[in-house]
file upload09.txt (compact mmCIF, C-alpha atoms)
# COMPACT_ATOMS: atom_id res chain seq x y z
CA MET A 1 252.35 135.87 -22.78
CA GLY A 2 255.83 137.27 -23.35
CA LEU A 3 256.80 139.41 -26.30
CA PRO A 4 258.57 137.80 -29.28
CA GLN A 5 262.36 137.83 -29.16
CA LEU A 6 264.62 139.59 -31.63
CA ALA A 7 267.28 136.95 -32.12
CA ASP A 8 267.82 137.91 -35.77
CA ASP A 9 268.79 141.49 -34.88
CA PRO A 10 272.62 141.55 -34.69
CA ARG A 11 272.63 144.61 -32.44
CA GLY A 12 269.78 143.35 -30.27
CA LYS A 13 267.79 146.54 -29.79
CA ILE A 14 267.99 148.71 -32.93
CA PRO A 15 265.21 148.15 -35.50
CA THR A 16 267.06 149.75 -38.42
CA ALA A 17 269.82 147.17 -37.95
CA ALA A 18 267.18 144.54 -38.72
CA GLY A 19 265.83 146.41 -41.75
CA TYR A 20 262.80 148.11 -40.17
CA ALA A 21 261.58 151.62 -40.98
CA LEU A 22 258.43 153.69 -40.47
CA PRO A 23 256.24 153.64 -43.61
CA ALA A 24 254.44 156.71 -44.91
CA GLU A 25 250.83 157.18 -43.87
CA TRP A 26 249.53 156.85 -47.44
CA GLU A 27 250.97 153.34 -47.78
CA PRO A 28 248.41 150.50 -47.39
CA HIS A 29 246.88 150.03 -43.94
CA GLU A 30 245.73 146.86 -42.28
CA ALA A 31 243.59 148.92 -39.89
CA THR A 32 243.15 152.20 -38.05
CA TRP A 33 243.32 152.34 -34.25
CA ILE A 34 241.35 154.83 -32.16
CA ALA A 35 240.46 155.14 -28.46
CA TRP A 36 236.81 155.84 -27.67
CA PRO A 37 236.35 159.26 -25.96
CA HIS A 38 235.51 159.30 -22.28
CA ASN A 39 237.58 161.95 -20.43
CA ARG A 40 235.34 164.91 -19.56
CA HIS A 41 238.35 167.05 -18.72
CA ASP A 42 239.51 166.88 -22.34
CA TRP A 43 236.30 168.56 -23.55
CA PRO A 44 235.14 170.60 -20.52
CA GLY A 45 231.39 171.09 -20.78
CA LYS A 46 231.32 169.69 -24.35
CA LEU A 47 231.84 165.93 -24.07
CA SER A 48 228.28 165.05 -25.11
CA PRO A 49 228.70 165.71 -28.88
CA ILE A 50 232.16 164.14 -29.10
CA PRO A 51 231.08 160.46 -29.34
CA TRP A 52 228.87 161.47 -32.27
CA VAL A 53 231.89 162.99 -34.02
CA TYR A 54 233.86 159.81 -33.37
CA ALA A 55 230.96 157.73 -34.70
CA GLU A 56 231.02 159.67 -37.97
CA ILE A 57 234.80 159.20 -38.20
CA VAL A 58 234.44 155.45 -37.64
CA ARG A 59 231.59 155.25 -40.16
CA ARG A 60 233.75 156.85 -42.81
CA LEU A 61 236.88 154.86 -41.95
CA ALA A 62 235.11 151.49 -41.79
CA ALA A 63 234.11 151.92 -45.43
CA SER A 64 237.84 152.11 -46.24
CA GLU A 65 239.54 149.74 -43.78
CA PRO A 66 238.98 147.92 -40.46
CA VAL A 67 238.76 150.12 -37.37
CA ARG A 68 240.12 148.87 -34.04
CA ILE A 69 238.69 150.71 -31.06
CA LEU A 70 240.17 150.80 -27.56
CA VAL A 71 237.51 150.85 -24.84
CA GLY A 72 237.96 150.86 -21.09
CA THR A 73 234.82 149.02 -19.97
CA GLU A 74 232.12 146.71 -21.29
CA ALA A 75 229.58 149.49 -20.71
CA GLN A 76 231.63 151.87 -22.85
CA GLN A 77 231.79 149.26 -25.59
CA ARG A 78 228.01 148.79 -25.52
CA ARG A 79 227.41 152.54 -25.76
CA ALA A 80 229.87 152.88 -28.61
CA ARG A 81 228.36 149.96 -30.49
CA ARG A 82 224.83 151.39 -30.13
CA LEU A 83 225.98 154.75 -31.41
CA LEU A 84 227.85 153.28 -34.35
CA LYS A 85 224.79 151.25 -35.29
CA ARG A 86 222.63 154.39 -35.19
CA VAL A 87 224.90 156.24 -37.64
CA GLY A 88 225.08 153.29 -40.01
CA ALA A 89 228.71 152.26 -39.50
CA ASP A 90 229.66 148.85 -40.87
CA LEU A 91 230.06 146.97 -37.59
CA GLY A 92 231.50 144.02 -39.48
CA ARG A 93 234.59 146.18 -40.02
CA VAL A 94 234.84 147.37 -36.40
CA GLU A 95 236.71 145.56 -33.63
CA PHE A 96 236.63 146.47 -29.94
CA HIS A 97 239.67 145.86 -27.74
CA MET A 98 239.59 146.23 -23.97
CA ALA A 99 242.31 148.60 -22.77
CA PRO A 100 241.74 151.50 -20.36
CA THR A 101 243.14 154.86 -21.47
CA ASP A 102 243.64 158.24 -19.87
CA ARG A 103 242.76 160.14 -23.05
CA SER A 104 241.65 159.49 -26.59
CA TRP A 105 244.58 160.94 -28.54
CA ALA A 106 245.81 157.60 -29.88
CA ARG A 107 248.29 159.18 -32.31
CA ASP A 108 250.58 160.15 -29.47
CA TYR A 109 250.81 157.08 -27.22
CA GLY A 110 254.38 156.22 -28.19
CA LEU A 111 253.29 153.49 -30.62
CA PHE A 112 255.12 153.34 -33.97
CA PHE A 113 254.53 150.43 -36.35
CA VAL A 114 257.75 149.82 -38.28
CA ARG A 115 258.08 147.45 -41.21
CA ARG A 116 260.69 145.55 -43.22
CA PRO A 117 260.43 143.69 -46.52
CA ARG A 118 262.21 140.51 -45.37
CA PRO A 119 262.67 138.16 -43.53
CA GLU A 120 259.92 137.43 -40.99
CA PRO A 121 258.56 139.08 -38.92
CA ARG A 122 257.62 141.89 -41.25
CA LEU A 123 255.99 144.22 -38.71
CA ALA A 124 257.27 145.35 -35.32
CA ILE A 125 256.74 148.19 -32.86
CA SER A 126 259.25 150.90 -32.07
CA ARG A 127 258.09 151.64 -28.57
CA PHE A 128 258.66 155.14 -27.21
CA ARG A 129 257.45 156.38 -23.84
CA PHE A 130 254.50 158.73 -23.47
CA ASN A 131 254.25 161.30 -20.66
CA ALA A 132 251.19 163.33 -21.76
CA TRP A 133 253.25 165.90 -23.67
CA ALA A 134 255.20 166.68 -20.49
CA SER A 135 252.14 168.65 -19.43
CA TYR A 136 249.60 166.46 -17.58
CA GLY A 137 249.88 164.08 -14.66
CA ASN A 138 247.62 161.25 -15.85
CA TRP A 139 249.40 159.31 -18.59
CA HIS A 140 250.26 155.85 -17.26
CA LEU A 141 247.32 154.06 -18.91
CA ASP A 142 248.09 155.63 -22.29
CA ASP A 143 251.77 154.78 -21.91
CA ALA A 144 250.89 151.08 -21.51
CA VAL A 145 248.97 150.88 -24.81
CA PRO A 146 251.92 150.01 -27.12
CA ASP A 147 252.88 146.94 -25.07
CA THR A 148 249.25 145.83 -24.91
CA ILE A 149 248.79 146.10 -28.67
CA ALA A 150 252.10 144.31 -29.25
CA ARG A 151 250.84 141.36 -27.17
CA TRP A 152 247.51 141.26 -29.00
CA LEU A 153 249.22 141.25 -32.39
CA GLY A 154 252.22 139.11 -31.40
CA LEU A 155 254.68 141.73 -32.61
CA PRO A 156 258.28 142.23 -31.46
CA VAL A 157 259.01 145.45 -29.59
CA PHE A 158 262.08 147.67 -29.83
CA ARG A 159 262.33 149.97 -26.80
CA ALA A 160 263.69 153.33 -27.89
CA GLN A 161 266.60 154.36 -25.69
CA ARG A 162 269.40 156.89 -25.69
CA ALA A 163 272.09 157.48 -23.08
CA GLY A 164 270.81 154.49 -21.10
CA ARG A 165 267.24 155.68 -20.67
CA ASP A 166 263.88 155.46 -22.45
CA VAL A 167 263.01 158.18 -24.95
CA VAL A 168 259.68 160.03 -25.08
CA LEU A 169 258.17 160.69 -28.51
CA GLU A 170 254.62 161.32 -29.71
CA GLY A 171 253.28 160.32 -33.11
CA GLY A 172 252.03 163.82 -33.87
CA SER A 173 255.50 165.28 -33.44
CA ILE A 174 256.92 163.70 -36.61
CA ASP A 175 255.93 162.87 -40.18
CA VAL A 176 257.76 160.79 -42.81
CA ASN A 177 257.80 160.35 -46.58
CA GLY A 178 258.44 156.59 -46.37
CA ALA A 179 261.78 156.88 -48.19
CA GLY A 180 263.99 158.10 -45.34
CA THR A 181 263.03 161.75 -44.79
CA LEU A 182 261.44 162.77 -41.48
CA ILE A 183 260.13 166.22 -40.57
CA THR A 184 259.67 167.60 -37.06
CA THR A 185 260.01 170.83 -35.04
CA GLU A 186 262.67 172.19 -32.74
CA GLU A 187 259.98 173.61 -30.46
CA CYS A 188 258.69 170.14 -29.62
CA LEU A 189 261.68 167.79 -29.70
CA LEU A 190 264.48 170.08 -28.52
CA ASP A 191 262.76 172.17 -25.85
CA GLN A 192 264.60 172.13 -22.53
CA SER A 193 262.58 174.74 -20.63
CA VAL A 194 258.79 174.56 -21.20
CA GLN A 195 257.51 171.03 -21.98
CA VAL A 196 260.63 168.93 -21.60
CA ARG A 197 260.12 165.38 -22.89
CA ASN A 198 263.74 164.24 -22.76
CA PRO A 199 265.89 166.27 -20.35
CA GLY A 200 269.50 166.46 -21.44
CA LEU A 201 269.03 165.01 -24.93
CA ASP A 202 270.17 167.44 -27.63
CA ARG A 203 269.67 167.63 -31.39
CA ARG A 204 272.36 165.05 -32.11
CA ASP A 205 270.82 162.63 -29.60
CA MET A 206 267.32 163.01 -31.03
CA GLU A 207 268.53 162.66 -34.60
CA GLN A 208 270.27 159.40 -33.74
CA VAL A 209 267.14 158.09 -32.02
CA LEU A 210 265.00 158.92 -35.05
CA LYS A 211 267.51 157.20 -37.33
CA ASP A 212 267.85 154.10 -35.13
CA TYR A 213 264.18 153.51 -34.30
CA LEU A 214 262.21 155.00 -37.22
CA GLY A 215 264.62 154.53 -40.12
CA ALA A 216 265.15 158.22 -40.85
CA THR A 217 268.15 159.05 -43.02
CA GLN A 218 267.37 162.75 -43.56
CA LEU A 219 265.99 165.08 -40.88
CA LEU A 220 264.09 168.29 -41.68
CA TRP A 221 263.84 170.64 -38.70
CA LEU A 222 261.13 173.30 -38.65
CA GLY A 223 260.95 175.93 -35.93
CA ARG A 224 257.72 176.61 -34.07
CA GLY A 225 254.25 175.11 -34.31
CA ILE A 226 250.89 176.91 -34.43
CA ALA A 227 249.19 179.05 -31.81
CA GLY A 228 246.91 177.22 -29.36
CA ASP A 229 248.73 173.90 -29.65
CA ASP A 230 249.29 172.62 -26.11
CA THR A 231 251.66 169.93 -27.40
CA HIS A 232 254.23 172.72 -27.89
CA GLY A 233 254.95 172.31 -31.57
CA HIS A 234 253.50 169.12 -33.07
CA VAL A 235 254.23 169.02 -36.77
CA ASP A 236 250.89 167.41 -37.67
CA ASP A 237 249.14 170.75 -37.08
CA LEU A 238 251.65 172.51 -39.28
CA CYS A 239 253.25 170.58 -42.13
CA ARG A 240 252.59 167.14 -43.66
CA PHE A 241 253.98 164.93 -46.40
CA VAL A 242 251.42 164.07 -49.09
CA ASN A 243 253.83 162.06 -51.25
CA ARG A 244 257.56 161.35 -51.27
CA THR A 245 258.57 164.78 -52.55
CA THR A 246 255.67 167.07 -51.59
CA LEU A 247 254.67 168.73 -48.35
CA VAL A 248 251.68 170.85 -47.45
CA LEU A 249 252.53 173.74 -45.14
CA CYS A 250 249.95 175.90 -43.41
CA GLN A 251 249.95 179.51 -44.58
CA GLU A 252 248.56 182.49 -42.67
CA THR A 253 247.89 185.59 -44.79
CA GLU A 254 247.03 188.02 -41.99
CA PRO A 255 250.28 189.66 -40.75
CA ALA A 256 248.77 190.49 -37.35
CA ASP A 257 247.90 186.86 -36.63
CA ALA A 258 250.11 184.97 -34.15
CA ASN A 259 250.75 182.27 -36.76
CA TYR A 260 251.98 184.57 -39.52
CA ALA A 261 255.64 184.95 -38.53
CA PRO A 262 256.39 181.33 -37.49
CA LEU A 263 254.71 179.93 -40.60
CA GLN A 264 256.68 182.31 -42.83
CA GLU A 265 259.90 181.31 -41.09
CA ASN A 266 259.12 177.63 -41.58
CA ARG A 267 258.45 178.25 -45.28
CA GLU A 268 261.86 179.88 -45.62
CA ARG A 269 263.48 176.88 -43.94
CA LEU A 270 261.80 174.45 -46.31
CA GLN A 271 263.09 176.35 -49.32
CA ARG A 272 266.64 175.47 -48.23
CA MET A 273 265.97 171.85 -47.30
CA ARG A 274 266.70 168.68 -49.25
CA LEU A 275 265.19 165.20 -49.26
CA GLU A 276 267.10 161.96 -48.71
CA ASP A 277 268.20 161.87 -52.38
CA GLY A 278 269.39 165.48 -52.41
CA SER A 279 266.40 166.83 -54.32
CA GLY A 280 264.41 169.85 -53.18
CA VAL A 281 261.03 169.80 -51.45
CA GLU A 282 257.86 170.85 -53.23
CA VAL A 283 255.76 172.92 -50.82
CA VAL A 284 252.02 173.41 -51.36
CA PRO A 285 250.35 176.15 -49.25
CA LEU A 286 247.42 175.01 -47.13
CA PRO A 287 245.18 177.79 -45.78
CA MET A 288 244.46 178.40 -42.13
CA PRO A 289 240.92 178.89 -40.85
CA ALA A 290 240.10 182.10 -39.02
CA PRO A 291 241.09 182.00 -35.34
CA LEU A 292 238.76 179.76 -33.36
CA LEU A 293 238.32 180.53 -29.67
CA LEU A 294 236.36 179.10 -26.77
CA ASP A 295 236.18 180.83 -23.40
CA GLY A 296 238.81 183.23 -24.71
CA ARG A 297 241.32 180.48 -25.53
CA ARG A 298 242.85 180.09 -28.99
CA LEU A 299 242.28 176.56 -30.28
CA PRO A 300 244.68 174.70 -32.62
CA ALA A 301 242.34 174.62 -35.60
CA SER A 302 244.31 173.43 -38.64
CA TYR A 303 243.55 171.66 -41.90
CA ALA A 304 246.97 169.98 -41.67
CA ASN A 305 245.55 167.60 -39.06
CA PHE A 306 244.04 165.39 -41.77
CA TYR A 307 244.25 161.59 -41.72
CA ILE A 308 245.10 159.46 -44.77
CA ALA A 309 243.21 156.14 -44.91
CA ASN A 310 243.27 153.54 -47.68
CA ASP A 311 240.52 155.08 -49.80
CA ILE A 312 239.80 158.47 -48.20
CA VAL A 313 241.44 161.47 -46.59
CA LEU A 314 239.55 162.76 -43.56
CA VAL A 315 239.92 166.55 -43.27
CA PRO A 316 238.85 168.64 -40.25
CA THR A 317 236.47 171.49 -41.11
CA PHE A 318 235.54 174.48 -38.97
CA ASN A 319 232.48 176.22 -40.50
CA ASP A 320 234.99 178.51 -42.15
CA PRO A 321 235.12 179.97 -45.69
CA GLN A 322 238.50 178.24 -46.15
CA ASP A 323 237.00 174.76 -45.57
CA ARG A 324 236.12 174.31 -49.23
CA ARG A 325 239.52 175.52 -50.42
CA ALA A 326 241.40 173.17 -48.07
CA LEU A 327 239.27 170.21 -49.17
CA GLY A 328 239.94 171.06 -52.82
CA ILE A 329 243.70 171.27 -52.33
CA LEU A 330 243.86 167.93 -50.55
CA ALA A 331 241.53 166.29 -53.07
CA ASP A 332 243.91 167.34 -55.85
CA LEU A 333 246.93 166.02 -53.92
CA PHE A 334 245.30 162.62 -53.28
CA PRO A 335 243.66 161.81 -56.64
CA GLY A 336 242.98 158.18 -55.71
CA ARG A 337 241.20 159.07 -52.48
CA ALA A 338 238.06 161.03 -51.65
CA ALA A 339 238.66 164.09 -49.45
CA VAL A 340 235.94 163.95 -46.78
CA GLY A 341 235.28 166.82 -44.40
CA ILE A 342 234.57 166.07 -40.74
CA HIS A 343 233.02 168.85 -38.64
CA ALA A 344 235.65 169.53 -35.96
CA VAL A 345 234.54 172.69 -34.14
CA ASP A 346 233.50 170.67 -31.08
CA LEU A 347 236.38 168.21 -31.45
CA VAL A 348 239.12 170.86 -31.42
CA TRP A 349 237.98 172.04 -27.97
CA GLY A 350 239.95 168.97 -26.85
CA LEU A 351 243.02 170.62 -28.48
CA GLY A 352 243.28 168.08 -31.28
CA THR A 353 241.36 166.75 -34.26
CA LEU A 354 241.49 163.90 -36.77
CA HIS A 355 245.16 163.01 -37.05
CA CYS A 356 245.58 163.31 -33.28
CA LEU A 357 242.93 160.69 -32.56
CA THR A 358 243.83 158.10 -35.23
CA HIS A 359 246.79 155.75 -35.62
CA GLN A 360 247.41 153.64 -38.70
CA GLN A 361 248.57 150.03 -38.58
CA PRO A 362 250.39 149.45 -41.87
CA ALA A 363 249.75 146.36 -43.91
CA ALA A 364 252.51 143.77 -44.01
CA PHE A 365 254.31 143.35 -47.31
CA ASP A 366 252.66 141.05 -49.83

call {"tool": "encode", "arguments": {"input": "upload09.txt", "output": "structure tokens"}}
result
Amino acid sequence: MGLPQLADDPRGKIPTAAGYALPAEWEPHEATWIAWPHNRHDWPGKLSPIPWVYAEIVRRLAASEPVRILVGTEAQQRRARRLLKRVGADLGRVEFHMAPTDRSWARDYGLFFVRRPRPEPRLAISRFRFNAWASYGNWHLDDAVPDTIARWLGLPVFRAQRAGRDVVLEGGSIDVNGAGTLITTEECLLDQSVQVRNPGLDRRDMEQVLKDYLGATQLLWLGRGIAGDDTHGHVDDLCRFVNRTTLVLCQETEPADANYAPLQENRERLQRMRLEDGSGVEVVPLPMPAPLLLDGRRLPASYANFYIANDIVLVPTFNDPQDRRALGILADLFPGRAAVGIHAVDLVWGLGTLHCLTHQQPAAFD
């Protein structure tokens, strides 16, 4: 079945010209998408506990909204269903969809649900390319996911392009306040030497892409991301919007830690920044856990990798004294939602946690 046409878009390929924009994560969801874990190379020697962590995530999410799970085989679906039943997940709120994936980091597949208030259709997909963070060779299955979901849902697709070619962008590299302001990092989007997503595209090019395909009107550029992050600077391990005017920013208090200087520099940047209406940004410090290592490697453990669902906020925890403080801060910032800790010490060995593995599908306008 072919994808719906965009005859009502006067420019043919630009979603903002048709009134679409990327909503904030705290706006109502129709569902959450995840991809069931299966790649042993993502958790070397530690895959066995990971499905149990996913099962707990699904159990918590299904109490808040429907969960749509990508599985690669019927056998994988049966195993996942058995596990979810064992942990008491509401299977009436869980859907399985057959789509093979390379990895389970559904946040980053190049899928962005954009929305407009009128006229129909009210939901579409801004479709970016995914190349495994310009770091791994197996990405083609993950890159196909946005088109597959678009067909399932019957949604129109806008293919993000600049200078005559497709643009690569991962969901974890940006965050929005739902009113026009988007935050990202120079390390991730502008790098032209280490993990190069878009060779030859400069700041002006990327800003235009983010305006055209995600509805950004104000861009906030941070510098570097946190230590251990193999995505090379994803903002969702660093700094997140919690409402239209407020950001949480990770704070490291130990001057000798590798994160201290870049986090301080990002804080100084935010003090000078303005939102889409010209007002300043309120910045709430979010603690960092103590460095977490496995086999001598620093892992990207961060409380900023939380996920906002309809009724809850899932927060990664690390058996760290700062767990309770981080949960308290986020509970205060989301008074209508319960802040729920998810044990993520095993999960972060895959170099990501809760926000990395989830992807919200916003609800259409009433």

call {"tool": "atom_distance", "arguments": {"input": "upload09.txt", "atom1": "atom CA of Pro287 of chain A", "atom2": "atom CA of Arg272 of chain A"}}
result
21.7 Å

call {"tool": "closest_atom_pairs", "arguments": {"input": "upload09.txt", "of": "segment 95-190 of chain A", "to": "segment 53-71 of chain A", "cutoff": "7 Å", "atoms": "all atoms listed in the file", "output": "tab-separated table"}}
result
residue	atom	partner	partner_atom	distance
A:Glu95	CA	A:Arg68	CA	4.8
A:Phe96	CA	A:Ile69	CA	4.8
A:His97	CA	A:Leu70	CA	5.0
A:Met98	CA	A:Val71	CA	5.1
A:Ala99	CA	A:Leu70	CA	5.7
A:Pro100	CA	A:Val71	CA	6.2

call {"tool": "residues_near_point", "arguments": {"input": "upload09.txt", "point": "(249.3, 180.1, -43.4)", "cutoff": "8 Å", "atoms": "only C-alpha atoms", "output": "PyMOL selection string"}}
result
chain A and resi 249-253+259-260+263-264+285-288

call {"tool": "residues_around", "arguments": {"input": "upload09.txt", "residues": "Gly278 of chain A", "least_positions_apart": "3", "cutoff": "12 Å", "atoms": "only C-alpha atoms", "output": "number ranges by chain"}}
result
A: 180-181, 217-218, 245, 272-275, 281

call {"tool": "write_last_selection", "arguments": {"input": "upload09.txt", "atoms": "C-alpha atoms", "output": "CSV table (one decimal), in the coordinates of the input"}}
result
chain,number,residue,atom,x,y,z
A,180,GLY,CA,264.0,158.1,-45.3
A,181,THR,CA,263.0,161.8,-44.8
A,217,THR,CA,268.2,159.0,-43.0
A,218,GLN,CA,267.4,162.8,-43.6
A,245,THR,CA,258.6,164.8,-52.6
A,272,ARG,CA,266.6,175.5,-48.2
A,273,MET,CA,266.0,171.8,-47.3
A,274,ARG,CA,266.7,168.7,-49.2
A,275,LEU,CA,265.2,165.2,-49.3
A,281,VAL,CA,261.0,169.8,-51.4

call {"tool": "closest_atom_pairs", "arguments": {"input": "upload09.txt", "of": "segment 153-209 of chain A", "to": "segment 302-316 of chain A", "cutoff": "12 Å", "atoms": "only C-alpha atoms", "output": "Markdown table"}}
result
| residue | atom | partner | partner_atom | distance |
| --- | --- | --- | --- | --- |
| A:Gly172 | CA | A:Asn305 | CA | 9.1 |
| A:Ser173 | CA | A:Asn305 | CA | 11.7 |
| A:Asp175 | CA | A:Asn305 | CA | 11.5 |

call {"tool": "closest_residue", "arguments": {"input": "upload09.txt", "among": "A:Gly200, A:Lys13, A:Tyr136, A:Asp191", "to": "Ala160 of chain A", "atoms": "all atoms listed in the file"}}
result
A:Lys13
